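One structure is given here, and the rest of the page talks about it.
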Amino acid sequence: MTEQDDAREAAEKLGRNNLLAIAAMIAAAFFYLIGDSVVKLTTEHLPVPQIIMLRGLMTSVLVAAAAAATGAFSGWRHLFDRPVVARSAFDGITTLLIVNALAHMAIADATAVINSVPIVATLLAVVILREQVGFRRWAAVLVGFVGVLMVLRPSGESFNEYGLLAFAATLTIAGRDIVTRKIAAEVPSLIVTLASAIFVGLTGAVVAVVFGSWTQPDTTDLVMIAAAACALFGAYHYSVVAIRLGEVSLTAPFRYSVILWGLIVGYLVWGDVPGIMSLAGMVLITLAGLYVFHRERLARQRARP
């Protein structure tokens, strides 16, 4: 086999892997949305902290089983690494914000606002990491925030404390992603996921105890929370598959498919039909986020020797 044949085979393999990675990212977005939808339905019967605690417990069991089956549990000591603990704390706060927002917002609106994370992350990268951001990325940030305002509609029903909770979640998610960069490469992904699941469950338990919010769940509630935990585990799994199989710059933009899933599920389950303003805002958020990804890819290409 010649070098040209080797190169062709490598290119074909990369192409196949990228297609699989794109499919995995779309699947991850779908599972995230399904999990959020089930949680939103469950908030009609149970307090938010209780749902977070029970889902966190069930997810922890699933992730721990997967870690044990794959041998990743041998790295359990990394559960106490400072960056891992910090990331888990961000996840706990994020979950409280998101579930409270989902309980009171149309799921498509909440999903769109939460997916402005790349735009918020650009701002935090400037403030915290002192990264240099050019005019074009600043323009994308501005367009993205206009999109967020169009979804929240300052003079409309979505602009309330719950809409602000959804936006606050973008800050904690961006903070989590920045902390994630500091986690050592040798720490297994399942250990990081397990730490987050445990911390999220504990966060829900603490809030439930402090505020005395506990309602006896029935069998249907427990089945729904178990389904949400399975969906969350599926989302974690396919996210890892997407990142490991394909090029991040190619697969990451497909996370925005969650906005489309949100529109479909919101209509089928709750009969939600977003207005023209909200739809336009979702488009702006998506385009701004995609452009930020594009500029980051160009910056990485220029940095290569």
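Chain labels A, B, ... are given in the sequence in which chains occur in the structure tokens; within each chain residues are numbered consecutively from 1, and ligands are likewise numbered from 1 in the order shown.
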Enumerate, in order of chain and increasing residue number, the residues of stretch 42-150 of chain A with an atom no farther than 7 Å from stretch 195-200 of chain A, each with its shortest atom pair and distance in Å to one decimal, counting only C-alpha atoms, as a tab-separated table.
residue	atom	partner	partner_atom	distance
A:Ile52	CA	A:Val200	CA	6.9
A:Met53	CA	A:Val200	CA	7.0
A:Gly56	CA	A:Ala197	CA	5.2
A:Leu57	CA	A:Ile198	CA	6.7
A:Thr59	CA	A:Ala197	CA	6.1
A:Ser60	CA	A:Ala197	CA	5.2
A:Leu79	CA	A:Ala195	CA	5.7
A:Ser88	CA	A:Ser196	CA	4.3
A:Ala89	CA	A:Phe199	CA	6.7
A:Asp91	CA	A:Ser196	CA	6.2
A:Gly92	CA	A:Val200	CA	4.3
- request: Just the helix (DSSP H, G or I) stuff from stretch 156-224 of chain A, please, per backbone DSSP, written as number ranges by chain.
  value: A: 161-180, 189-211, 219-224
Put those residues in a file: N, CA and C atoms, as a compact mmCIF listing (two decimals), in the first residue's frame.
# COMPACT_ATOMS: atom_id res chain seq x y z
N GLU A 161 -38.32 36.42 36.70
CA GLU A 161 -37.21 35.84 37.45
C GLU A 161 -36.77 34.50 36.88
N TYR A 162 -37.68 33.78 36.22
CA TYR A 162 -37.31 32.47 35.68
C TYR A 162 -36.51 32.60 34.39
N GLY A 163 -36.85 33.59 33.59
CA GLY A 163 -36.04 33.87 32.41
C GLY A 163 -34.63 34.29 32.81
N LEU A 164 -34.55 35.06 33.88
CA LEU A 164 -33.24 35.48 34.38
C LEU A 164 -32.46 34.29 34.96
N LEU A 165 -33.18 33.33 35.56
CA LEU A 165 -32.51 32.12 36.05
C LEU A 165 -31.89 31.34 34.89
N ALA A 166 -32.62 31.25 33.77
CA ALA A 166 -32.09 30.55 32.60
C ALA A 166 -30.83 31.24 32.09
N PHE A 167 -30.86 32.58 32.09
CA PHE A 167 -29.67 33.30 31.64
C PHE A 167 -28.53 33.15 32.64
N ALA A 168 -28.85 33.18 33.93
CA ALA A 168 -27.81 32.98 34.95
C ALA A 168 -27.14 31.63 34.78
N ALA A 169 -27.91 30.63 34.32
CA ALA A 169 -27.34 29.30 34.10
C ALA A 169 -26.25 29.33 33.04
N THR A 170 -26.36 30.24 32.07
CA THR A 170 -25.31 30.32 31.05
C THR A 170 -23.99 30.75 31.67
N LEU A 171 -24.05 31.58 32.70
CA LEU A 171 -22.83 32.02 33.39
C LEU A 171 -22.18 30.87 34.14
N THR A 172 -23.00 30.07 34.84
CA THR A 172 -22.43 28.96 35.60
C THR A 172 -21.94 27.85 34.67
N ILE A 173 -22.62 27.65 33.54
CA ILE A 173 -22.15 26.64 32.58
C ILE A 173 -20.82 27.07 31.98
N ALA A 174 -20.72 28.35 31.62
CA ALA A 174 -19.46 28.86 31.07
C ALA A 174 -18.35 28.75 32.10
N GLY A 175 -18.67 29.06 33.37
CA GLY A 175 -17.68 28.91 34.43
C GLY A 175 -17.25 27.47 34.60
N ARG A 176 -18.21 26.56 34.51
CA ARG A 176 -17.90 25.13 34.58
C ARG A 176 -16.95 24.71 33.46
N ASP A 177 -17.22 25.21 32.25
CA ASP A 177 -16.38 24.83 31.11
C ASP A 177 -14.95 25.36 31.27
N ILE A 178 -14.82 26.55 31.86
CA ILE A 178 -13.49 27.10 32.08
C ILE A 178 -12.73 26.26 33.11
N VAL A 179 -13.42 25.87 34.19
CA VAL A 179 -12.79 25.03 35.21
C VAL A 179 -12.42 23.67 34.64
N THR A 180 -13.24 23.16 33.72
CA THR A 180 -12.98 21.84 33.12
C THR A 180 -11.62 21.80 32.45
N SER A 189 -13.18 10.40 32.17
CA SER A 189 -14.39 11.20 31.96
C SER A 189 -15.53 10.74 32.86
N LEU A 190 -15.64 9.43 33.06
CA LEU A 190 -16.73 8.91 33.89
C LEU A 190 -16.59 9.33 35.35
N ILE A 191 -15.35 9.52 35.80
CA ILE A 191 -15.14 9.98 37.18
C ILE A 191 -15.60 11.43 37.31
N VAL A 192 -15.30 12.24 36.31
CA VAL A 192 -15.76 13.64 36.31
C VAL A 192 -17.29 13.67 36.31
N THR A 193 -17.89 12.83 35.47
CA THR A 193 -19.35 12.76 35.40
C THR A 193 -19.95 12.28 36.72
N LEU A 194 -19.32 11.28 37.32
CA LEU A 194 -19.80 10.75 38.61
C LEU A 194 -19.75 11.82 39.69
N ALA A 195 -18.66 12.57 39.72
CA ALA A 195 -18.53 13.64 40.71
C ALA A 195 -19.66 14.65 40.56
N SER A 196 -19.97 15.02 39.32
CA SER A 196 -21.05 15.97 39.08
C SER A 196 -22.39 15.41 39.51
N ALA A 197 -22.65 14.15 39.16
CA ALA A 197 -23.94 13.53 39.50
C ALA A 197 -24.13 13.47 41.02
N ILE A 198 -23.07 13.10 41.74
CA ILE A 198 -23.14 13.02 43.20
C ILE A 198 -23.38 14.41 43.80
N PHE A 199 -22.63 15.40 43.32
CA PHE A 199 -22.74 16.75 43.87
C PHE A 199 -24.12 17.35 43.57
N VAL A 200 -24.63 17.09 42.37
CA VAL A 200 -25.96 17.60 42.02
C VAL A 200 -27.01 16.99 42.95
N GLY A 201 -26.92 15.68 43.19
CA GLY A 201 -27.86 15.04 44.10
C GLY A 201 -27.78 15.60 45.51
N LEU A 202 -26.55 15.83 45.99
CA LEU A 202 -26.37 16.40 47.33
C LEU A 202 -26.90 17.83 47.40
N THR A 203 -26.72 18.59 46.31
CA THR A 203 -27.24 19.96 46.27
C THR A 203 -28.75 19.95 46.43
N GLY A 204 -29.42 19.07 45.69
CA GLY A 204 -30.87 18.96 45.81
C GLY A 204 -31.29 18.56 47.21
N ALA A 205 -30.54 17.63 47.82
CA ALA A 205 -30.88 17.17 49.17
C ALA A 205 -30.75 18.30 50.19
N VAL A 206 -29.67 19.07 50.10
CA VAL A 206 -29.46 20.17 51.04
C VAL A 206 -30.56 21.21 50.92
N VAL A 207 -30.89 21.59 49.69
CA VAL A 207 -31.94 22.60 49.48
C VAL A 207 -33.28 22.07 49.97
N ALA A 208 -33.55 20.78 49.71
CA ALA A 208 -34.82 20.19 50.17
C ALA A 208 -34.93 20.21 51.68
N VAL A 209 -33.82 19.92 52.37
CA VAL A 209 -33.82 19.92 53.84
C VAL A 209 -33.98 21.34 54.38
N VAL A 210 -33.23 22.28 53.81
CA VAL A 210 -33.26 23.66 54.29
C VAL A 210 -34.65 24.27 54.14
N PHE A 211 -35.29 24.02 52.99
CA PHE A 211 -36.58 24.64 52.73
C PHE A 211 -37.76 23.71 53.03
N THR A 219 -45.41 6.01 42.24
CA THR A 219 -44.66 5.16 41.31
C THR A 219 -44.41 5.87 39.98
N THR A 220 -45.41 6.60 39.51
CA THR A 220 -45.25 7.32 38.24
C THR A 220 -44.14 8.35 38.33
N ASP A 221 -44.10 9.08 39.44
CA ASP A 221 -43.04 10.08 39.63
C ASP A 221 -41.66 9.43 39.60
N LEU A 222 -41.51 8.32 40.29
CA LEU A 222 -40.21 7.64 40.36
C LEU A 222 -39.80 7.11 38.99
N VAL A 223 -40.78 6.59 38.24
CA VAL A 223 -40.48 6.09 36.89
C VAL A 223 -40.03 7.24 35.99
N MET A 224 -40.69 8.39 36.11
CA MET A 224 -40.33 9.54 35.28
C MET A 224 -38.94 10.06 35.64
query: Excluding same-chain residues fewer than 3 positions from A:Ala229, what lies within 8 Å of it counting only C-alpha atoms, as a PyMOL selection string?
result: chain A and resi 35+55-56+58-59+225-226+232-233
Using only N, CA and C atoms, please write the residues we just selected to a file, as a short mmCIF file (atom, residue, chain, number, x, y, z; two decimals), in the first residue's frame.
data_model
loop_
_atom_site.label_atom_id
_atom_site.label_comp_id
_atom_site.auth_asym_id
_atom_site.auth_seq_id
_atom_site.Cartn_x
_atom_site.Cartn_y
_atom_site.Cartn_z
N GLY A 35 -34.57 14.51 28.69
CA GLY A 35 -34.41 14.55 30.14
C GLY A 35 -35.01 15.80 30.74
N ARG A 55 -33.01 12.47 40.95
CA ARG A 55 -32.36 12.25 39.65
C ARG A 55 -30.86 12.13 39.82
N GLY A 56 -30.28 12.96 40.70
CA GLY A 56 -28.85 12.88 40.94
C GLY A 56 -28.44 11.54 41.51
N MET A 58 -30.07 8.62 41.17
CA MET A 58 -30.22 7.58 40.14
C MET A 58 -29.12 7.68 39.08
N THR A 59 -28.79 8.91 38.69
CA THR A 59 -27.72 9.09 37.70
C THR A 59 -26.39 8.63 38.26
N ILE A 225 -38.64 10.12 36.93
CA ILE A 225 -37.32 10.58 37.34
C ILE A 225 -36.25 9.60 36.89
N ALA A 226 -36.56 8.30 36.96
CA ALA A 226 -35.62 7.29 36.47
C ALA A 226 -35.39 7.46 34.98
N LEU A 232 -30.31 11.54 30.89
CA LEU A 232 -29.12 12.33 31.21
C LEU A 232 -27.86 11.50 31.00
N PHE A 233 -27.91 10.24 31.41
CA PHE A 233 -26.77 9.36 31.21
C PHE A 233 -26.50 9.17 29.72
#
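When the distance limit is 9 Å and only C-alpha atoms are what count, the residues near A:Asp36, minus those fewer than 5 positions from it on the same chain, are A:Phe31, A:Leu41, A:Ile98, A:Val99, A:Leu102, A:Ile107, A:Ala228, A:Ala231, A:Leu232.
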Residues of stretch 180-296 of chain A within 8 Å of stretch 110-118 of chain A: nearest atom pair and distance (Å, one decimal) for each, counting only C-alpha atoms, sorted by chain and number, as a Markdown table?
| residue | atom | partner | partner_atom | distance |
| --- | --- | --- | --- | --- |
| A:Tyr256 | CA | A:Asn115 | CA | 7.1 |
| A:Val258 | CA | A:Thr111 | CA | 7.3 |
| A:Ile259 | CA | A:Ala112 | CA | 5.8 |
| A:Gly262 | CA | A:Thr111 | CA | 6.6 |
| A:Met282 | CA | A:Ala112 | CA | 5.8 |
| A:Ile285 | CA | A:Ser116 | CA | 6.0 |
| A:Thr286 | CA | A:Ser116 | CA | 7.8 |
| A:Gly289 | CA | A:Pro118 | CA | 5.8 |
| A:Val292 | CA | A:Pro118 | CA | 7.0 |
| A:Phe293 | CA | A:Pro118 | CA | 7.9 |
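Nearest residue to A:Leu284, choosing from A:Ile34, A:Arg137, A:Ala121, A:Leu149 and counting only C-alpha atoms: A:Leu149.
Residues in contact range of A:Ile243, defined as at most 12 Å between only C-alpha atoms, with sequence neighbours fewer than 5 positions away removed, read Asn17, Asn18, Leu20, Ala21, Ile22, Ala23, Ala24, Met25, Ala28, Ser189, Tyr236, His237, Tyr238, Val248, Ser249, Leu250, Thr251, Ala252, Pro253, Phe254 and Arg255 of chain A.
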- line: What separates atom CA of A:Gly144 and atom CA of A:Ala288 is a distance of 5.2 Å
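Of the residues listed (A:Leu298, A:Ile51, A:Ala106, A:Leu287), A:Ala106 shows the shortest atom-to-atom separation from A:Leu152; distances use only C-alpha atoms.
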